[in-house]
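Visitor: Starting off with a structure, shown below.
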Amino acid sequence: MASVRLKGKGFEARLSVNGRQLSKTHATREEARRWAAGIKFGFLNPACAPSAYWLTFHEACQRYRDEIVPLHKGAAQERYRIKQLITLPFAKKELSNLTADDLKTYRDGLIARGLSGSTIRLNLALVSAILNHARKEWGIDCENPVQEIKKPRPSKPRSRRLTGDEETRLLATLSECKNPLVKQVVKFLLETGMRRGEALRLRWEDLNLQTRVVTLKDSKNGHARWIPLTESATKALPLLTHSQARIFPITESALAQAWGHAVKRAGIDDLRLHDLRHEALSRWAHRLGGDVFKLAMISGHRTLQMAQRYVHPVRAEMLATEALADPKQAI
């Protein structure tokens, strides 16, 4: 049986495991108690995790980040959210002691900071996933209070498109970037409708210049898809270099940083890098005459309802159509 005793300015936990005497000094008695329990129950080995182990939310977040998050496609985003979660006041609580009031306070704090409903729901979904995994896979005896609180409504999907001379100003500003790949990636995204991560992961072997088709083997939904390349998309490709396996050898963080500076210099408000996907797919919808079946094949959406979001003509397109339909204008 483990013992905890005062030692200097800390607390020393001592226990015997397989005939070996182990000890470690901690800042508080509670930390010493948890460490001794973890060693005793073999919690460092996930297969031996007992239901009685009192895991804190902070510890659960770290273990989930190290073991589960690397298996997910949105690993970078989840790591960022977990980094925020472990700083919360209730992170020091044991999982079995988490309450709905803790999550309500967390939710209300996010609302007060002005975060969107969709972002708040994503954060709460991650908390819920960690708690469910701890209960189902690690054998931790805990409840999921996220299920007991009201979530904010999802935000309305963005429909930001380039207007006026925004594209011209943006590309002119991007031409000033030290790294020419920034402008090439942006033009490629505008022509293909890919997500930035998908484009940056492309390799030369995924590209067939003869048929002008690019193959996405690893998309967001896990299904491969094929995207036809327009002439402008082909021109946006950098020169083939055998020393680089990727078509666009630039990191997401470098691209995002350059994008932020370029948009600011161009004087364009409320334009995100992901908005290029909406602009590109809206243009594809116009090229395809509103055929959502073909559009879904290009966009990678698994439902026609999602693809249909991009079949919305802008005002200029509507006016042009009405003018052609007017007999007086046809004369």
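FYI, nothing fancy with the structure tokens labels: chains A, B, ... in order, residues from 1 per chain, ligands from 1 as they appear.
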Which neighbours of A:Leu131 fall inside 9 Å, counting only C-alpha atoms, when residues of the same chain fewer than 6 positions from it are skipped, and could you give them as a list in words?
Guide: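 Counting only C-alpha atoms, the residues come to Phe57, Ala60, Leu95, Ile140, Cys142, Glu143, Asn144, Pro145 and Val146 of chain A.
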Visitor: Please report, as a PyMOL selection string, each residue of stretch 51-283 of chain A to which DSSP assigns alpha helix (DSSP H) when run on this structure's backbone.
Guide: chain A and resi 57-67+75-85+100-112+117-136+166-174+181-192+196-200+231-236+252-266+275-283
Visitor: List the spatial neighbours of A:Asp275 as an mmCIF file with N, CA and C atoms, in the first residue's frame - criterion: any atom at most 10 Å away, only C-alpha atoms, same-chain residues fewer than 5 positions off excluded.
Guide:
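Final output, result_21.cif:
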```cif
data_model
loop_
_atom_site.group_PDB
_atom_site.id
_atom_site.type_symbol
_atom_site.label_atom_id
_atom_site.label_comp_id
_atom_site.auth_asym_id
_atom_site.auth_seq_id
_atom_site.Cartn_x
_atom_site.Cartn_y
_atom_site.Cartn_z
ATOM 1 N N ARG A 158 -20.838 30.712 -44.138
ATOM 2 C CA ARG A 158 -20.347 31.893 -44.844
ATOM 3 C C ARG A 158 -20.606 31.764 -46.348
ATOM 4 N N SER A 159 -20.920 32.879 -46.964
ATOM 5 C CA SER A 159 -21.127 32.891 -48.414
ATOM 6 C C SER A 159 -20.344 34.054 -49.025
ATOM 7 N N ARG A 160 -19.185 34.346 -48.435
ATOM 8 C CA ARG A 160 -18.364 35.466 -48.902
ATOM 9 C C ARG A 160 -17.767 35.160 -50.272
ATOM 10 N N ARG A 161 -17.995 36.058 -51.213
ATOM 11 C CA ARG A 161 -17.419 35.916 -52.540
ATOM 12 C C ARG A 161 -16.627 37.172 -52.884
ATOM 13 N N LEU A 162 -15.723 37.048 -53.834
ATOM 14 C CA LEU A 162 -14.961 38.201 -54.278
ATOM 15 C C LEU A 162 -15.861 39.126 -55.088
ATOM 16 N N LEU A 189 -6.118 27.517 -55.783
ATOM 17 C CA LEU A 189 -7.315 27.311 -54.968
ATOM 18 C C LEU A 189 -8.538 27.943 -55.630
ATOM 19 N N LEU A 190 -8.362 29.105 -56.233
ATOM 20 C CA LEU A 190 -9.469 29.787 -56.901
ATOM 21 C C LEU A 190 -9.977 29.007 -58.105
ATOM 22 N N GLY A 193 -11.083 24.851 -56.148
ATOM 23 C CA GLY A 193 -12.017 24.696 -55.026
ATOM 24 C C GLY A 193 -11.506 23.756 -53.960
ATOM 25 N N ARG A 195 -9.455 22.547 -50.561
ATOM 26 C CA ARG A 195 -9.096 23.115 -49.273
ATOM 27 C C ARG A 195 -7.584 23.352 -49.271
ATOM 28 N N ASP A 270 -12.779 41.257 -44.218
ATOM 29 C CA ASP A 270 -13.549 40.034 -43.966
ATOM 30 C C ASP A 270 -13.401 39.007 -45.093
ATOM 31 N N ALA A 280 -14.476 29.512 -55.573
ATOM 32 C CA ALA A 280 -14.133 28.595 -56.655
ATOM 33 C C ALA A 280 -15.286 27.650 -56.986
#
```
Visitor: Would you work out the distance separating atom CA of A:Glu94 from atom CA of A:Leu55, expressed in Å to one decimal?
Guide: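 Atom-to-atom, atom CA of A:Glu94 and atom CA of A:Leu55 are spaced 5.4 Å apart.
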Visitor: Please provide the set of residues having any atom within 12 Å of stretch 64-71 of chain A, restricted to only C-alpha atoms, with same-chain residues fewer than 3 positions apart removed, written as a PyMOL selection string.
Guide: chain A and resi 45-46+57-61+74-83+85-86+126-134+137-138
Visitor: Please report the interatomic distance between atom CA of A:Asn123 and atom CA of A:Tyr106 in Å with one decimal.
Guide: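 Between these atoms lies a distance of 9.8 Å.
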Visitor: Could you please write out, as number ranges by chain, every residue of stretch 5-247 of chain A that DSSP assigns to strand (DSSP E)?
Guide: A: 5-7, 10-17, 20-26, 207-208, 213-216, 225-228
Visitor: State, in Å with one decimal place, the distance from atom CA of A:Glu198 to atom CA of A:Gly114.
Guide: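 Atom CA of A:Glu198 sits 29.6 Å away from atom CA of A:Gly114.
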Visitor: For A:Arg14, which of A:Glu252, A:Lys40, A:Ile149, A:Glu30 is the closest residue, counting only C-alpha atoms?
Guide: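 Under the stated criterion, the closest residue is A:Lys40.
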Visitor: Just want the 9 Å neighbourhood of A:Val213, counted on only C-alpha atoms, with same-chain residues fewer than 2 positions away dropped. Output as an MDAnalysis selection string.
Guide: chainID A and resid 206:211 215 226:229
Visitor: Could you give me, as a list of chain:residue names, the residues within 9 Å of stretch 234-251 of chain A, counting only C-alpha atoms and dropping anything in the same chain fewer than 6 positions from it?
Guide: A:Pro180, A:Leu181, A:Val182, A:Lys183, A:Gln184, A:Val185, A:Val186, A:Lys187, A:Phe188, A:Ala199, A:Leu200, A:Arg201, A:Leu202, A:Arg203, A:Trp204, A:Glu205, A:Leu209, A:Arg212
Visitor: Any chance you can output those residues with N, CA and C atoms as an mmCIF file, in the first residue's frame?
Guide:
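Ended up saving to result-v9.cif:
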```cif
data_model
loop_
_atom_site.group_PDB
_atom_site.id
_atom_site.type_symbol
_atom_site.label_atom_id
_atom_site.label_comp_id
_atom_site.auth_asym_id
_atom_site.auth_seq_id
_atom_site.Cartn_x
_atom_site.Cartn_y
_atom_site.Cartn_z
ATOM 1 N N PRO A 180 7.088 33.240 -54.226
ATOM 2 C CA PRO A 180 6.116 33.198 -55.331
ATOM 3 C C PRO A 180 5.071 32.094 -55.181
ATOM 4 N N LEU A 181 5.344 31.112 -54.322
ATOM 5 C CA LEU A 181 4.385 30.018 -54.143
ATOM 6 C C LEU A 181 3.070 30.495 -53.540
ATOM 7 N N VAL A 182 3.107 31.582 -52.777
ATOM 8 C CA VAL A 182 1.891 32.080 -52.132
ATOM 9 C C VAL A 182 0.849 32.442 -53.182
ATOM 10 N N LYS A 183 1.254 33.231 -54.172
ATOM 11 C CA LYS A 183 0.319 33.624 -55.231
ATOM 12 C C LYS A 183 -0.109 32.413 -56.049
ATOM 13 N N GLN A 184 0.799 31.499 -56.312
ATOM 14 C CA GLN A 184 0.470 30.322 -57.111
ATOM 15 C C GLN A 184 -0.549 29.441 -56.401
ATOM 16 N N VAL A 185 -0.400 29.280 -55.094
ATOM 17 C CA VAL A 185 -1.359 28.475 -54.330
ATOM 18 C C VAL A 185 -2.729 29.130 -54.360
ATOM 19 N N VAL A 186 -2.781 30.437 -54.137
ATOM 20 C CA VAL A 186 -4.057 31.152 -54.119
ATOM 21 C C VAL A 186 -4.771 31.025 -55.463
ATOM 22 N N LYS A 187 -4.048 31.213 -56.559
ATOM 23 C CA LYS A 187 -4.664 31.088 -57.885
ATOM 24 C C LYS A 187 -5.135 29.654 -58.123
ATOM 25 N N PHE A 188 -4.373 28.675 -57.636
ATOM 26 C CA PHE A 188 -4.747 27.269 -57.786
ATOM 27 C C PHE A 188 -6.015 26.963 -56.991
ATOM 28 N N ALA A 199 -4.530 21.037 -51.076
ATOM 29 C CA ALA A 199 -3.626 21.536 -52.114
ATOM 30 C C ALA A 199 -2.167 21.428 -51.685
ATOM 31 N N LEU A 200 -1.899 21.721 -50.412
ATOM 32 C CA LEU A 200 -0.514 21.700 -49.950
ATOM 33 C C LEU A 200 0.029 20.282 -49.801
ATOM 34 N N ARG A 201 -0.861 19.305 -49.704
ATOM 35 C CA ARG A 201 -0.407 17.907 -49.612
ATOM 36 C C ARG A 201 -0.224 17.261 -50.977
ATOM 37 N N LEU A 202 -0.614 17.950 -52.032
ATOM 38 C CA LEU A 202 -0.511 17.374 -53.375
ATOM 39 C C LEU A 202 0.935 17.066 -53.735
ATOM 40 N N ARG A 203 1.103 15.930 -54.384
ATOM 41 C CA ARG A 203 2.416 15.532 -54.880
ATOM 42 C C ARG A 203 2.355 15.475 -56.410
ATOM 43 N N TRP A 204 3.511 15.579 -57.031
ATOM 44 C CA TRP A 204 3.554 15.572 -58.489
ATOM 45 C C TRP A 204 2.960 14.288 -59.066
ATOM 46 N N GLU A 205 3.048 13.211 -58.328
ATOM 47 C CA GLU A 205 2.506 11.937 -58.816
ATOM 48 C C GLU A 205 0.978 11.936 -58.834
ATOM 49 N N LEU A 209 -0.932 15.770 -66.276
ATOM 50 C CA LEU A 209 -1.012 16.949 -67.135
ATOM 51 C C LEU A 209 -1.597 16.631 -68.503
ATOM 52 N N ARG A 212 -5.184 16.524 -67.691
ATOM 53 C CA ARG A 212 -5.466 17.703 -66.850
ATOM 54 C C ARG A 212 -6.442 17.342 -65.719
#
```
Visitor: Give me, as a ChimeraX atom specification, all polymer residues having an atom no more than 8 Å from stretch 32-34 of chain A, counting only C-alpha atoms and skipping those fewer than 5 positions away in the same chain.
Guide: /A:4,11-13,24-27,54
